[in-house]
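What's in run21.txt: compact mmCIF, C-alpha atoms and all ligand atoms
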```txt
# COMPACT_ATOMS: atom_id res chain seq x y z
CA MET A 7 -24.13 -12.90 -12.19
CA GLU A 8 -21.32 -14.30 -10.05
CA HIS A 9 -18.78 -12.43 -12.20
CA GLN A 10 -20.75 -9.21 -11.93
CA SER A 11 -20.93 -9.46 -8.13
CA LEU A 12 -17.24 -10.24 -7.82
CA TYR A 13 -16.48 -7.33 -10.16
CA GLN A 14 -18.49 -4.96 -7.97
CA TYR A 15 -16.81 -6.25 -4.82
CA LEU A 16 -13.35 -5.75 -6.31
CA LEU A 17 -14.34 -2.20 -7.24
CA SER A 18 -15.27 -1.52 -3.64
CA LEU A 19 -11.84 -2.73 -2.53
CA GLY A 20 -9.96 -0.93 -5.28
CA ASP A 21 -11.87 2.36 -5.28
CA ASN A 22 -11.06 3.23 -1.66
CA ALA A 23 -7.36 2.67 -2.34
CA LEU A 24 -7.45 4.48 -5.69
CA ILE A 25 -9.17 7.62 -4.45
CA LEU A 26 -7.15 7.90 -1.24
CA GLY A 27 -3.99 7.24 -3.27
CA GLN A 28 -4.94 10.08 -5.61
CA ARG A 29 -5.51 12.44 -2.68
CA LEU A 30 -2.14 11.55 -1.15
CA GLY A 31 -0.46 11.87 -4.53
CA GLU A 32 -1.58 15.52 -4.63
CA LEU A 33 0.88 16.10 -1.79
CA CYS A 34 3.86 15.13 -3.94
CA GLY A 35 6.18 18.12 -3.67
CA HIS A 36 3.69 19.89 -1.36
CA GLY A 37 4.09 17.99 1.92
CA PRO A 38 4.78 20.03 5.05
CA SER A 39 8.31 18.58 5.31
CA LEU A 40 10.48 16.38 3.16
CA GLU A 41 9.94 13.32 5.38
CA THR A 42 6.15 13.63 5.50
CA ASP A 43 6.00 14.38 1.79
CA ILE A 44 7.93 11.19 1.06
CA ALA A 45 5.86 9.18 3.52
CA CYS A 46 2.52 10.31 2.07
CA THR A 47 3.57 9.62 -1.50
CA ASN A 48 5.00 6.23 -0.55
CA ILE A 49 1.69 5.33 1.08
CA ALA A 50 -0.03 6.55 -2.10
CA LEU A 51 2.17 4.20 -4.10
CA ASP A 52 1.26 1.23 -1.91
CA LEU A 53 -2.42 2.08 -2.28
CA LEU A 54 -2.13 2.39 -6.06
CA GLY A 55 -0.41 -0.99 -6.08
CA GLN A 56 -3.35 -2.49 -4.21
CA THR A 57 -5.70 -0.75 -6.63
CA ARG A 58 -3.92 -2.26 -9.61
CA SER A 59 -4.08 -5.77 -8.16
CA CYS A 60 -7.83 -5.37 -7.55
CA PHE A 61 -8.56 -3.81 -10.93
CA GLN A 62 -6.47 -6.32 -12.89
CA TYR A 63 -8.52 -9.07 -11.28
CA ALA A 64 -11.75 -7.07 -11.72
CA SER A 65 -11.13 -6.53 -15.43
CA LYS A 66 -10.90 -10.30 -15.90
CA GLN A 67 -14.47 -10.65 -14.64
CA LEU A 68 -15.89 -8.63 -17.54
CA ASP A 69 -15.03 -9.29 -21.16
CA GLY A 70 -13.01 -6.74 -23.04
CA LYS A 71 -12.14 -4.48 -20.12
CA THR A 72 -8.66 -3.45 -19.03
CA GLU A 73 -7.47 -2.21 -15.65
CA ASP A 74 -7.16 1.28 -17.15
CA ASP A 75 -10.81 1.24 -18.27
CA VAL A 76 -11.80 0.36 -14.74
CA ALA A 77 -9.63 3.07 -13.19
CA PHE A 78 -10.13 5.93 -15.63
CA LEU A 79 -13.28 5.53 -17.67
CA ARG A 80 -16.07 5.27 -15.18
CA LYS A 81 -18.48 8.09 -14.36
CA GLU A 82 -18.58 9.66 -10.92
CA ASN A 83 -21.65 7.70 -9.83
CA GLU A 84 -19.93 4.42 -10.75
CA TYR A 85 -17.14 4.88 -8.19
CA THR A 86 -17.96 3.08 -4.94
CA ASN A 87 -15.37 4.50 -2.53
CA VAL A 88 -16.48 5.71 0.89
CA LEU A 89 -16.90 9.48 1.23
CA LEU A 90 -14.05 9.71 3.76
CA VAL A 91 -11.28 9.04 1.25
CA GLU A 92 -12.36 11.74 -1.22
CA GLN A 93 -12.26 14.53 1.40
CA PRO A 94 -9.69 17.19 0.49
CA ASN A 95 -6.23 17.83 1.95
CA ASN A 96 -7.32 20.93 3.91
CA ASP A 97 -4.22 20.83 6.07
CA PHE A 98 -1.80 18.21 7.41
CA ALA A 99 -4.08 17.42 10.36
CA PHE A 100 -6.85 16.55 7.88
CA VAL A 101 -4.48 14.40 5.85
CA ILE A 102 -3.39 12.48 8.95
CA THR A 103 -6.85 12.12 10.45
CA ARG A 104 -8.35 10.89 7.17
CA GLN A 105 -5.45 8.46 6.86
CA TYR A 106 -5.74 7.20 10.41
CA PHE A 107 -9.52 6.69 10.20
CA PHE A 108 -8.95 4.74 6.98
CA ASP A 109 -5.89 2.77 8.15
CA VAL A 110 -7.62 1.29 11.19
CA TYR A 111 -10.42 -0.02 8.97
CA GLN A 112 -8.16 -1.11 6.13
CA LEU A 113 -5.86 -3.09 8.41
CA MET A 114 -8.84 -4.91 9.97
CA LEU A 115 -10.18 -5.67 6.50
CA MET A 116 -6.87 -6.88 5.07
CA GLU A 117 -6.21 -9.03 8.14
CA TRP A 118 -9.60 -10.68 7.68
CA LEU A 119 -9.21 -11.17 3.93
CA SER A 120 -5.67 -12.53 4.16
CA ALA A 121 -6.75 -15.10 6.76
CA ASN A 122 -10.27 -15.99 5.67
CA SER A 123 -11.26 -15.03 2.13
CA ALA A 124 -12.65 -17.92 0.11
CA ASP A 125 -11.27 -16.27 -3.03
CA GLU A 126 -7.59 -17.23 -3.46
CA THR A 127 -6.67 -14.16 -5.52
CA ILE A 128 -8.23 -11.73 -3.06
CA LYS A 129 -6.49 -13.61 -0.27
CA ALA A 130 -3.15 -13.21 -2.04
CA ILE A 131 -3.72 -9.50 -2.68
CA ALA A 132 -4.61 -9.00 0.99
CA ASN A 133 -1.60 -11.01 2.09
CA LYS A 134 0.65 -8.39 0.56
CA ALA A 135 -1.52 -5.42 1.46
CA VAL A 136 -1.73 -6.36 5.13
CA LYS A 137 2.00 -5.89 5.56
CA GLU A 138 1.85 -2.44 3.99
CA ALA A 139 -1.27 -1.49 5.96
CA ARG A 140 0.60 -2.12 9.22
CA TYR A 141 3.24 0.47 8.29
CA HIS A 142 0.57 2.94 7.23
CA ARG A 143 -1.36 2.63 10.45
CA ARG A 144 1.82 3.03 12.48
CA PHE A 145 2.68 6.21 10.57
CA SER A 146 -0.76 7.81 10.91
CA SER A 147 -1.18 6.86 14.60
CA ASP A 148 2.22 8.33 15.46
CA TRP A 149 1.23 11.60 13.85
CA MET A 150 -2.21 11.65 15.49
CA LEU A 151 -0.44 11.53 18.85
CA ARG A 152 2.19 14.07 17.88
CA LEU A 153 -0.35 16.58 16.60
CA GLY A 154 -2.88 16.06 19.39
CA ASP A 155 -0.32 16.20 22.14
CA GLY A 156 1.88 18.79 20.41
CA THR A 157 1.49 22.57 20.37
CA GLU A 158 -1.69 24.52 20.99
CA GLU A 159 -2.08 25.07 17.27
CA SER A 160 -1.46 21.44 16.23
CA HIS A 161 -3.92 20.33 18.91
CA GLN A 162 -6.58 22.73 17.65
CA ARG A 163 -6.08 21.67 14.04
CA LEU A 164 -6.34 18.00 14.90
CA LEU A 165 -9.48 18.72 16.91
CA ASP A 166 -11.03 20.46 13.88
CA ALA A 167 -10.06 17.62 11.56
CA VAL A 168 -11.44 14.93 13.87
CA GLU A 169 -14.72 16.87 14.23
CA ALA A 170 -15.01 17.34 10.48
CA LEU A 171 -14.14 13.78 9.44
CA TRP A 172 -15.82 11.82 12.23
CA PRO A 173 -19.23 11.79 10.46
CA TYR A 174 -17.62 9.86 7.58
CA THR A 175 -16.36 6.95 9.68
CA GLN A 176 -19.55 4.92 9.99
CA GLU A 177 -20.00 4.30 6.29
CA PHE A 178 -17.35 1.56 6.45
CA PHE A 179 -19.69 -0.64 8.48
CA VAL A 180 -22.82 -0.32 6.37
CA PRO A 181 -22.36 -3.03 3.74
CA SER A 182 -23.16 -2.28 0.11
CA GLU A 183 -24.95 -4.87 -1.99
CA ALA A 184 -21.60 -6.16 -3.26
CA GLU A 185 -20.12 -6.34 0.23
CA ALA A 186 -23.16 -8.22 1.51
CA TRP A 187 -22.82 -10.64 -1.41
CA ALA A 188 -19.12 -11.15 -0.59
CA ALA A 189 -19.91 -11.84 3.06
CA SER A 190 -22.54 -14.43 2.14
CA ALA A 191 -20.07 -16.10 -0.23
CA GLY A 192 -17.30 -16.17 2.41
CA ILE A 193 -15.17 -13.93 0.20
CA GLY A 194 -15.40 -10.85 2.40
CA PRO A 195 -16.16 -10.14 6.06
CA ASP A 196 -19.43 -9.15 7.67
CA LEU A 197 -18.48 -5.49 8.01
CA THR A 198 -20.98 -4.80 10.78
CA SER A 199 -18.88 -7.08 12.99
CA PHE A 200 -15.89 -4.72 12.66
CA LYS A 201 -17.63 -1.71 14.12
CA ALA A 202 -17.14 -2.23 17.85
CA ALA A 203 -13.43 -3.07 17.55
CA TYR A 204 -12.89 -0.13 15.20
CA TYR A 205 -14.36 2.45 17.55
CA ASN A 206 -12.59 0.86 20.50
CA ASP A 207 -9.22 1.36 18.83
CA VAL A 208 -9.96 4.82 17.51
CA GLU A 209 -11.42 6.15 20.74
CA ALA A 210 -8.46 4.81 22.76
CA LEU A 211 -6.04 6.60 20.46
CA LEU A 212 -8.03 9.84 20.51
CA GLU A 213 -7.89 9.77 24.29
CA GLN A 214 -4.12 9.32 24.15
CA ALA A 215 -3.93 12.19 21.67
CA THR A 216 -5.93 14.30 24.18
CA VAL A 217 -8.72 14.85 21.66
CA PRO A 218 -12.32 14.26 22.81
CA VAL A 219 -14.47 11.81 20.88
CA PRO A 220 -17.05 13.87 18.94
CA GLU A 221 -20.58 13.57 20.27
CA ASN A 222 -23.97 13.10 18.60
CA PRO A 223 -22.72 13.15 15.07
CA TYR A 224 -24.89 12.88 12.04
CA PHE A 225 -23.25 10.21 9.95
CA GLN A 226 -22.76 10.68 6.21
CA LYS A 227 -22.94 7.89 3.70
CA GLY A 228 -23.73 7.24 0.04
CA GLY A 229 -20.27 6.86 -1.49
CA LYS A 230 -20.67 3.10 -1.81
CA GLN A 231 -23.81 3.74 -3.88
CA GLY A 232 -22.04 6.33 -6.04
CA ARG A 233 -23.49 9.41 -4.33
CA HIS A 234 -20.39 11.48 -3.71
CA THR A 235 -19.54 14.80 -2.09
CA GLU A 236 -18.86 17.90 -4.18
CA HIS A 237 -15.11 17.22 -3.94
CA MET A 238 -15.24 14.06 -6.05
CA GLY A 239 -15.80 15.73 -9.43
CA TYR A 240 -12.65 17.81 -9.14
CA LEU A 241 -10.64 14.80 -8.04
CA LEU A 242 -11.85 12.73 -11.00
CA ALA A 243 -11.18 15.59 -13.43
CA ASP A 244 -7.52 15.39 -12.39
CA LEU A 245 -7.42 11.61 -12.28
CA GLN A 246 -9.07 11.03 -15.65
CA TYR A 247 -7.69 13.97 -17.61
CA MET A 248 -5.03 12.14 -19.63
CA GLN A 249 -7.14 9.10 -20.52
CA ARG A 250 -10.14 11.27 -21.48
CA THR A 251 -8.06 13.68 -23.54
CA TYR A 252 -5.94 11.05 -25.27
CA PRO A 253 -8.13 7.94 -25.34
CA ASN A 254 -6.22 4.64 -25.05
CA MET A 255 -2.92 6.41 -24.41
CA THR A 256 -0.21 4.33 -22.76
CA TRP A 257 2.96 5.49 -21.03
CA MET B 1 -3.14 -24.60 -3.35
CA THR B 2 0.44 -25.63 -2.76
CA ILE B 3 2.90 -22.94 -1.80
CA LYS B 4 6.50 -23.29 -2.89
CA LEU B 5 8.81 -21.30 -0.70
CA HIS B 6 11.93 -22.19 -2.63
CA PRO B 7 12.13 -20.90 -6.15
CA ASN B 8 12.10 -23.35 -9.00
CA ILE B 9 14.86 -22.06 -11.28
CA GLU B 10 16.53 -24.23 -13.91
CA ALA B 11 20.27 -24.13 -13.31
CA ASP B 12 21.30 -23.25 -16.88
CA LEU B 13 19.16 -20.08 -16.71
CA LEU B 14 21.00 -18.73 -13.66
CA PRO B 15 23.84 -17.06 -15.62
CA ILE B 16 21.35 -14.95 -17.59
CA LEU B 17 19.27 -14.07 -14.54
CA GLU B 18 22.44 -13.00 -12.74
CA THR B 19 22.96 -10.23 -15.30
CA VAL B 20 19.67 -8.51 -14.45
CA PRO B 21 20.01 -5.89 -11.67
CA ASP B 22 17.34 -4.45 -9.42
CA PRO B 23 16.68 -0.99 -10.91
CA GLU B 24 16.40 0.65 -7.46
CA ILE B 25 19.44 -0.99 -5.86
CA PRO B 26 21.60 -1.85 -8.87
CA VAL B 27 24.25 -3.74 -6.85
CA LEU B 28 21.62 -6.44 -6.27
CA THR B 29 20.58 -8.87 -8.95
CA VAL B 30 16.99 -10.08 -9.23
CA LEU B 31 18.26 -13.37 -7.76
CA ASP B 32 19.74 -11.62 -4.69
CA LEU B 33 16.40 -9.90 -4.18
CA GLY B 34 14.48 -13.19 -4.31
CA VAL B 35 11.79 -11.93 -6.68
CA ILE B 36 12.23 -14.73 -9.25
CA ARG B 37 10.02 -17.58 -8.07
CA GLU B 38 10.26 -19.76 -11.13
CA ALA B 39 12.25 -19.86 -14.36
CA VAL B 40 11.65 -22.85 -16.62
CA ARG B 41 12.15 -23.71 -20.28
CA THR B 42 9.01 -24.09 -22.35
CA ALA B 43 8.36 -25.08 -25.96
CA ASP B 44 8.83 -21.49 -27.15
CA GLY B 45 11.38 -20.12 -24.72
CA VAL B 46 11.43 -19.40 -21.04
CA HIS B 47 8.63 -18.73 -18.60
CA ILE B 48 9.40 -16.63 -15.53
CA LYS B 49 7.26 -16.10 -12.45
CA LEU B 50 8.02 -12.82 -10.77
CA THR B 51 6.70 -11.67 -7.39
CA PRO B 52 6.53 -7.97 -6.48
CA THR B 53 8.37 -6.71 -3.41
CA TYR B 54 5.69 -4.10 -2.67
CA THR B 55 2.43 -4.13 -4.64
CA GLY B 56 2.96 -0.62 -5.93
CA CYS B 57 6.67 -1.00 -6.59
CA PRO B 58 7.32 0.76 -9.91
CA ALA B 59 10.48 -1.32 -10.37
CA MET B 60 8.42 -4.42 -11.19
CA ASP B 61 7.47 -3.34 -14.71
CA VAL B 62 11.09 -2.39 -15.34
CA ILE B 63 12.34 -5.74 -14.03
CA GLY B 64 9.92 -7.56 -16.32
CA ASP B 65 11.20 -5.62 -19.34
CA ASP B 66 14.84 -6.07 -18.31
CA LEU B 67 14.35 -9.82 -17.98
CA LYS B 68 12.83 -10.02 -21.44
CA SER B 69 15.68 -8.12 -23.02
CA ALA B 70 18.36 -10.11 -21.14
CA PHE B 71 16.90 -13.33 -22.57
CA ALA B 72 16.29 -11.75 -25.98
CA SER B 73 20.00 -10.91 -26.21
CA GLN B 74 20.63 -14.69 -25.98
CA GLY B 75 18.00 -15.35 -28.61
CA ILE B 76 15.49 -16.63 -26.06
CA THR B 77 11.90 -15.40 -25.78
CA ALA B 78 10.89 -14.90 -22.16
CA THR B 79 7.32 -14.60 -20.93
CA ILE B 80 6.75 -12.97 -17.56
CA GLU B 81 3.99 -13.80 -15.13
CA LEU B 82 3.41 -11.69 -12.04
CA ILE B 83 2.37 -13.80 -9.07
CA LEU B 84 1.17 -12.56 -5.67
CA ALA B 85 1.20 -15.71 -3.55
CA PRO B 86 3.21 -16.50 -1.56
CA ALA B 87 3.86 -12.86 -0.71
CA TRP B 88 7.47 -11.71 -0.98
CA SER B 89 9.36 -11.42 2.28
CA THR B 90 12.68 -9.76 3.07
CA ASP B 91 13.78 -13.21 4.27
CA TRP B 92 14.16 -14.05 0.59
CA ILE B 93 17.01 -11.59 0.14
CA SER B 94 20.16 -13.71 -0.13
CA GLU B 95 23.11 -13.45 2.28
CA ALA B 96 25.28 -12.21 -0.58
CA GLY B 97 22.60 -9.64 -1.32
CA ARG B 98 22.61 -8.37 2.25
CA GLU B 99 26.38 -7.93 2.17
CA LYS B 100 26.23 -6.05 -1.15
CA MET B 101 23.46 -3.85 0.22
CA ARG B 102 25.55 -2.96 3.27
CA GLU B 103 28.54 -2.04 1.11
CA TYR B 104 26.25 0.08 -1.04
CA GLY B 105 25.22 2.08 2.05
CA ILE B 106 21.83 0.54 2.83
CA ALA B 107 21.43 -1.29 6.13
CA PRO B 108 19.84 -4.69 5.36
CA PRO B 109 16.66 -5.77 7.16
CA LEU B 110 16.97 -7.02 10.74
CA SER B 111 14.97 -9.95 12.07
CA GLU B 112 11.26 -9.28 12.54
CA SER B 113 11.45 -8.68 16.30
CA ALA B 114 14.57 -6.50 16.12
CA ASP B 115 12.97 -4.55 13.27
CA LYS B 116 9.88 -3.83 15.39
CA ALA B 117 12.03 -2.74 18.32
CA ALA B 118 14.08 -0.43 16.11
CA LEU B 119 11.11 1.15 14.33
CA LEU B 120 8.56 1.17 17.15
CA GLY B 121 10.35 0.88 20.46
CA ASP B 122 13.00 3.39 19.48
CA GLN B 123 15.72 0.90 20.41
CA ARG B 124 19.14 1.46 18.89
CA LEU B 125 19.72 -1.68 16.87
CA VAL B 126 20.32 -0.77 13.22
CA PRO B 127 24.08 -0.61 12.62
CA CYS B 128 25.49 2.39 10.77
CA THR B 129 26.64 1.37 7.29
CA ILE B 130 29.83 3.45 7.63
CA CYS B 131 31.14 3.04 11.21
CA LYS B 132 29.01 0.02 12.31
CA SER B 133 27.89 1.83 15.47
CA THR B 134 24.38 0.90 16.60
CA ASN B 135 23.99 4.31 18.19
CA THR B 136 21.58 5.23 15.39
CA LYS B 137 18.08 6.69 15.30
CA MET B 138 15.18 6.70 12.88
CA ILE B 139 14.64 10.04 11.17
CA SER B 140 11.70 9.01 9.03
CA GLN B 141 9.60 5.88 8.77
CA PHE B 142 9.66 6.11 4.98
CA GLY B 143 12.88 6.69 3.08
CA SER B 144 13.68 7.20 -0.60
CA THR B 145 11.34 4.33 -1.48
CA ALA B 146 8.47 2.64 0.37
CA CYS B 147 10.69 -0.31 1.34
CA LYS B 148 13.18 1.83 3.26
CA ALA B 149 13.25 3.97 6.39
CA LEU B 150 15.68 6.84 6.93
CA PHE B 151 18.19 6.54 9.78
CA GLN B 152 21.05 8.64 11.08
CA CYS B 153 24.17 7.55 12.94
CA MET B 154 24.61 9.53 16.16
CA ASP B 155 28.36 8.76 16.26
CA CYS B 156 29.55 9.63 12.75
CA GLN B 157 26.39 11.63 11.84
CA GLU B 158 25.96 9.78 8.55
CA PRO B 159 22.34 9.52 7.34
CA PHE B 160 21.52 6.20 5.67
CA ASP B 161 18.65 4.06 4.41
CA TYR B 162 17.46 1.00 6.29
CA PHE B 163 15.66 -1.69 4.28
CA LYS B 164 12.61 -2.47 6.42
CA CYS B 165 11.74 -6.05 7.35
CA LEU B 166 8.69 -7.30 5.47
CA LYS B 167 7.24 -10.61 6.53
ZN ZN C 301 28.25 5.87 11.83
```
If you took the structure in this file and wrote it as structure tokens, what would it be?
Ligand SMILES: [Zn+2]
Amino acid sequence: MEHQSLYQYLLSLGDNALILGQRLGELCGHGPSLETDIACTNIALDLLGQTRSCFQYASKQLDGKTEDDVAFLRKENEYTNVLLVEQPNNDFAFVITRQYFFDVYQLMLMEWLSANSADETIKAIANKAVKEARYHRRFSSDWMLRLGDGTEESHQRLLDAVEALWPYTQEFFVPSEAEAWAASAGIGPDLTSFKAAYYNDVEALLEQATVPVPENPYFQKGGKQGRHTEHMGYLLADLQYMQRTYPNMTW
Amino acid sequence: MTIKLHPNIEADLLPILETVPDPEIPVLTVLDLGVIREAVRTADGVHIKLTPTYTGCPAMDVIGDDLKSAFASQGITATIELILAPAWSTDWISEAGREKMREYGIAPPLSESADKAALLGDQRLVPCTICKSTNTKMISQFGSTACKALFQCMDCQEPFDYFKCLK
């Protein structure tokens, strides 16, 4: 039971990083400029590194599983990432907004885990991830400001992206069963306690970026329970192709 | 849990470890980089504890394989264990390593506060690897790998990598 709960909690940590990493990886060779292309793929690499650490530890909780099984051989409804991270790369403003909304949360989470988690391995993983998360948040905030306060077109695109992605931000703060278990065991934070600080930070930056905070949104959730948006199937088809086509292949 | 900040490496293993380069910056050895946290003899060979620089660093798998083959060439079986705590810091890069990095054309990491000022405050602090001028500016927060940022010298125009401080 304990192992099963820890396994599920590690999936929740790893899945967000895996799916966002996959989305960013799609930009390899397709970024709007060489520098941003390199930045996005480097962030993807950091996120995949965090995923591996989580999944290696997760696979030890269940007999006979490997990190590749965990990453590649689950069905869509077994992935527990939030809906935000699976949203497509519509344009660079979407990429940056999705990243920024995620980075603010991820940095808060990794700071908490690295300081407080009762699980030594999770604490160690977070200790490394927190350093990377700081660079990521710096990168995405810089670009939020540059796009929002840039040209008429970049401003409009950022506005559209913020409007479209805002409804996905609240899911972070609605704990899943596994996250609630982790909080009660002192392994993870009480996510509801992050909400005020998160919106404080995000709204202050939006103001600086001259983008109004969206009003009266209808918030979307369900990713943590495996109910994903229509984009997820296509993403997984790409992600799982090799392992499904050539079972047990290794590089 | 006790945290050892200084690596526990048996002295007679140093000559072999010194032959293993970092695959990304080949002028540095794994010792210069500070990623070997322990190397001890065991009943069946040598056990090495390796810590990743960045969690996703693809060089880690290569370093593990390179270590095994370096020891194998001396008839020694090496087992590799990847450890995460304590987290690697750029402070662990040796002085010799920093000098080699500079000669290779990569500016070594500044202190934490100077690094922040250079990357965030846009202060001109990172010296050019060619002409040593600090009249340099950041072109991109991420360089050829996640651990580096891209800079350019405003005096001699040379673009160069800066190895970011990680603490
Ligand atoms: Zn110069």
Quiz item: Do you know which residues are within 8 Å of ligand ZN 301 (chain C) using only C-alpha atoms and all ligand atoms? Can you write them as a PyMOL selection string?
Solution: chain B and resi 127-136+152-158
Practice problem: Go through A:Tyr252, A:Phe145, A:Tyr247, A:Tyr224 one by one, measure the shortest atom-to-atom distance of each to chain B using all atoms listed in the file, and give the residue with the smallest value. | Solution: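 Counting all atoms listed in the file, the residue closest to chain B is A:Phe145.
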Practice problem: Please provide the set of residues having any atom within 12 Å of Glu213 in chain A, restricted to all atoms listed in the file, with same-chain residues fewer than 6 positions apart removed, written as number ranges by chain. | Solution: A: 150-151, 154-155, 165, 205-207, 219-220
Quick one: which chain B residues come within 9 Å of chain A, and what is the nearest atom pair for each with the distance in Å to one decimal, counting only C-alpha atoms, rows ordered by chain and ascending number, as JSON lines?
```
{"residue": "B:Met1", "atom": "CA", "partner": "A:Glu126", "partner_atom": "CA", "distance": 8.6}
{"residue": "B:Thr53", "atom": "CA", "partner": "A:Lys134", "partner_atom": "CA", "distance": 8.8}
{"residue": "B:Tyr54", "atom": "CA", "partner": "A:Asp52", "partner_atom": "CA", "distance": 7.0}
{"residue": "B:Thr55", "atom": "CA", "partner": "A:Gly55", "partner_atom": "CA", "distance": 4.5}
{"residue": "B:Gly56", "atom": "CA", "partner": "A:Gly55", "partner_atom": "CA", "distance": 3.4}
{"residue": "B:Cys57", "atom": "CA", "partner": "A:Gly55", "partner_atom": "CA", "distance": 7.1}
{"residue": "B:Pro58", "atom": "CA", "partner": "A:Leu51", "partner_atom": "CA", "distance": 8.5}
{"residue": "B:Ile83", "atom": "CA", "partner": "A:Ala130", "partner_atom": "CA", "distance": 9.0}
{"residue": "B:Leu84", "atom": "CA", "partner": "A:Ala130", "partner_atom": "CA", "distance": 5.7}
{"residue": "B:Ala85", "atom": "CA", "partner": "A:Ala130", "partner_atom": "CA", "distance": 5.2}
{"residue": "B:Pro86", "atom": "CA", "partner": "A:Ala130", "partner_atom": "CA", "distance": 7.2}
{"residue": "B:Ala87", "atom": "CA", "partner": "A:Lys134", "partner_atom": "CA", "distance": 5.6}
{"residue": "B:Trp88", "atom": "CA", "partner": "A:Lys134", "partner_atom": "CA", "distance": 7.7}
{"residue": "B:Leu120", "atom": "CA", "partner": "A:Arg144", "partner_atom": "CA", "distance": 8.4}
{"residue": "B:Ile139", "atom": "CA", "partner": "A:Glu41", "partner_atom": "CA", "distance": 8.1}
{"residue": "B:Ser140", "atom": "CA", "partner": "A:Glu41", "partner_atom": "CA", "distance": 5.9}
{"residue": "B:Gln141", "atom": "CA", "partner": "A:Phe145", "partner_atom": "CA", "distance": 7.2}
{"residue": "B:Phe142", "atom": "CA", "partner": "A:Ala45", "partner_atom": "CA", "distance": 5.1}
{"residue": "B:Gly143", "atom": "CA", "partner": "A:Ile44", "partner_atom": "CA", "distance": 7.0}
{"residue": "B:Ser144", "atom": "CA", "partner": "A:Ile44", "partner_atom": "CA", "distance": 7.2}
{"residue": "B:Thr145", "atom": "CA", "partner": "A:Asn48", "partner_atom": "CA", "distance": 6.7}
{"residue": "B:Ala146", "atom": "CA", "partner": "A:Asn48", "partner_atom": "CA", "distance": 5.1}
{"residue": "B:Cys147", "atom": "CA", "partner": "A:Asn48", "partner_atom": "CA", "distance": 8.9}
{"residue": "B:Leu150", "atom": "CA", "partner": "A:Glu41", "partner_atom": "CA", "distance": 8.8}
{"residue": "B:Leu166", "atom": "CA", "partner": "A:Lys137", "partner_atom": "CA", "distance": 6.8}
{"residue": "B:Lys167", "atom": "CA", "partner": "A:Lys137", "partner_atom": "CA", "distance": 7.1}
```
Exercise. Please provide the set of residues having any atom within 12 Å of Ser94 in chain B, restricted to all atoms listed in the file, with same-chain residues fewer than 4 positions apart removed, written as a PyMOL selection string.
Key: chain B and resi 28-35+89-90+98-101+108-109
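Here CA of Ala202 in chain A stands at a distance of 15.2 Å from CA of Trp118 in chain A.
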Practice problem: Would you work out the distance separating CA of Asp21 in chain A from CA of Asn87 in chain A, expressed in Å to one decimal? | Solution: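 So the two atoms, CA of Asp21 in chain A and CA of Asn87 in chain A, lie 4.9 Å apart.
CA of Leu153 in chain A to CA of Pro38 in chain A spans 13.1 Å [interatomic distance, one decimal].
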Self-check item: Close residues, Met138 in chain B itself excluded, 8 Å, all atoms listed in the file, min 5 positions apart in chain, as a PyMOL selection string
Solution: chain B and resi 118-119+122+149-152
Quiz item: Any idea what's packed within 10 Å of Leu17 in chain A, counting all atoms listed in the file, ignoring anything in its chain fewer than 3 positions away? Could you give it as a ChimeraX atom specification?
Solution: /A:11-14,20-24,57,60-61,63-65,76-77,84-87,184,230
Once N, CA and C atoms are restored for range 101-110 of chain B, what would the output be as a PDB file, in the coordinates of the input?
```pdb
ATOM      1  N   MET B 101      24.298  -4.981  -0.178  1.00  0.00           N
ATOM      2  CA  MET B 101      23.460  -3.850   0.220  1.00  0.00           C
ATOM      3  C   MET B 101      24.196  -2.976   1.238  1.00  0.00           C
ATOM      4  N   ARG B 102      24.815  -3.662   2.217  1.00  0.00           N
ATOM      5  CA  ARG B 102      25.550  -2.960   3.270  1.00  0.00           C
ATOM      6  C   ARG B 102      26.678  -2.128   2.659  1.00  0.00           C
ATOM      7  N   GLU B 103      27.434  -2.758   1.745  1.00  0.00           N
ATOM      8  CA  GLU B 103      28.540  -2.040   1.110  1.00  0.00           C
ATOM      9  C   GLU B 103      28.044  -0.840   0.317  1.00  0.00           C
ATOM     10  N   TYR B 104      26.849  -0.976  -0.218  1.00  0.00           N
ATOM     11  CA  TYR B 104      26.250   0.080  -1.040  1.00  0.00           C
ATOM     12  C   TYR B 104      25.747   1.242  -0.178  1.00  0.00           C
ATOM     13  N   GLY B 105      25.648   1.010   1.156  1.00  0.00           N
ATOM     14  CA  GLY B 105      25.220   2.080   2.050  1.00  0.00           C
ATOM     15  C   GLY B 105      23.787   1.961   2.533  1.00  0.00           C
ATOM     16  N   ILE B 106      23.195   0.774   2.321  1.00  0.00           N
ATOM     17  CA  ILE B 106      21.830   0.540   2.830  1.00  0.00           C
ATOM     18  C   ILE B 106      21.910  -0.557   3.880  1.00  0.00           C
ATOM     19  N   ALA B 107      21.422  -0.268   5.088  1.00  0.00           N
ATOM     20  CA  ALA B 107      21.430  -1.290   6.130  1.00  0.00           C
ATOM     21  C   ALA B 107      20.392  -2.352   5.783  1.00  0.00           C
ATOM     22  N   PRO B 108      20.796  -3.635   5.711  1.00  0.00           N
ATOM     23  CA  PRO B 108      19.840  -4.690   5.360  1.00  0.00           C
ATOM     24  C   PRO B 108      18.840  -4.942   6.489  1.00  0.00           C
ATOM     25  N   PRO B 109      17.705  -5.563   6.153  1.00  0.00           N
ATOM     26  CA  PRO B 109      16.660  -5.770   7.160  1.00  0.00           C
ATOM     27  C   PRO B 109      17.113  -6.618   8.335  1.00  0.00           C
ATOM     28  N   LEU B 110      16.722  -6.225   9.540  1.00  0.00           N
ATOM     29  CA  LEU B 110      16.970  -7.020  10.740  1.00  0.00           C
ATOM     30  C   LEU B 110      15.912  -8.114  10.829  1.00  0.00           C
TER      31      LEU B 110
END
```
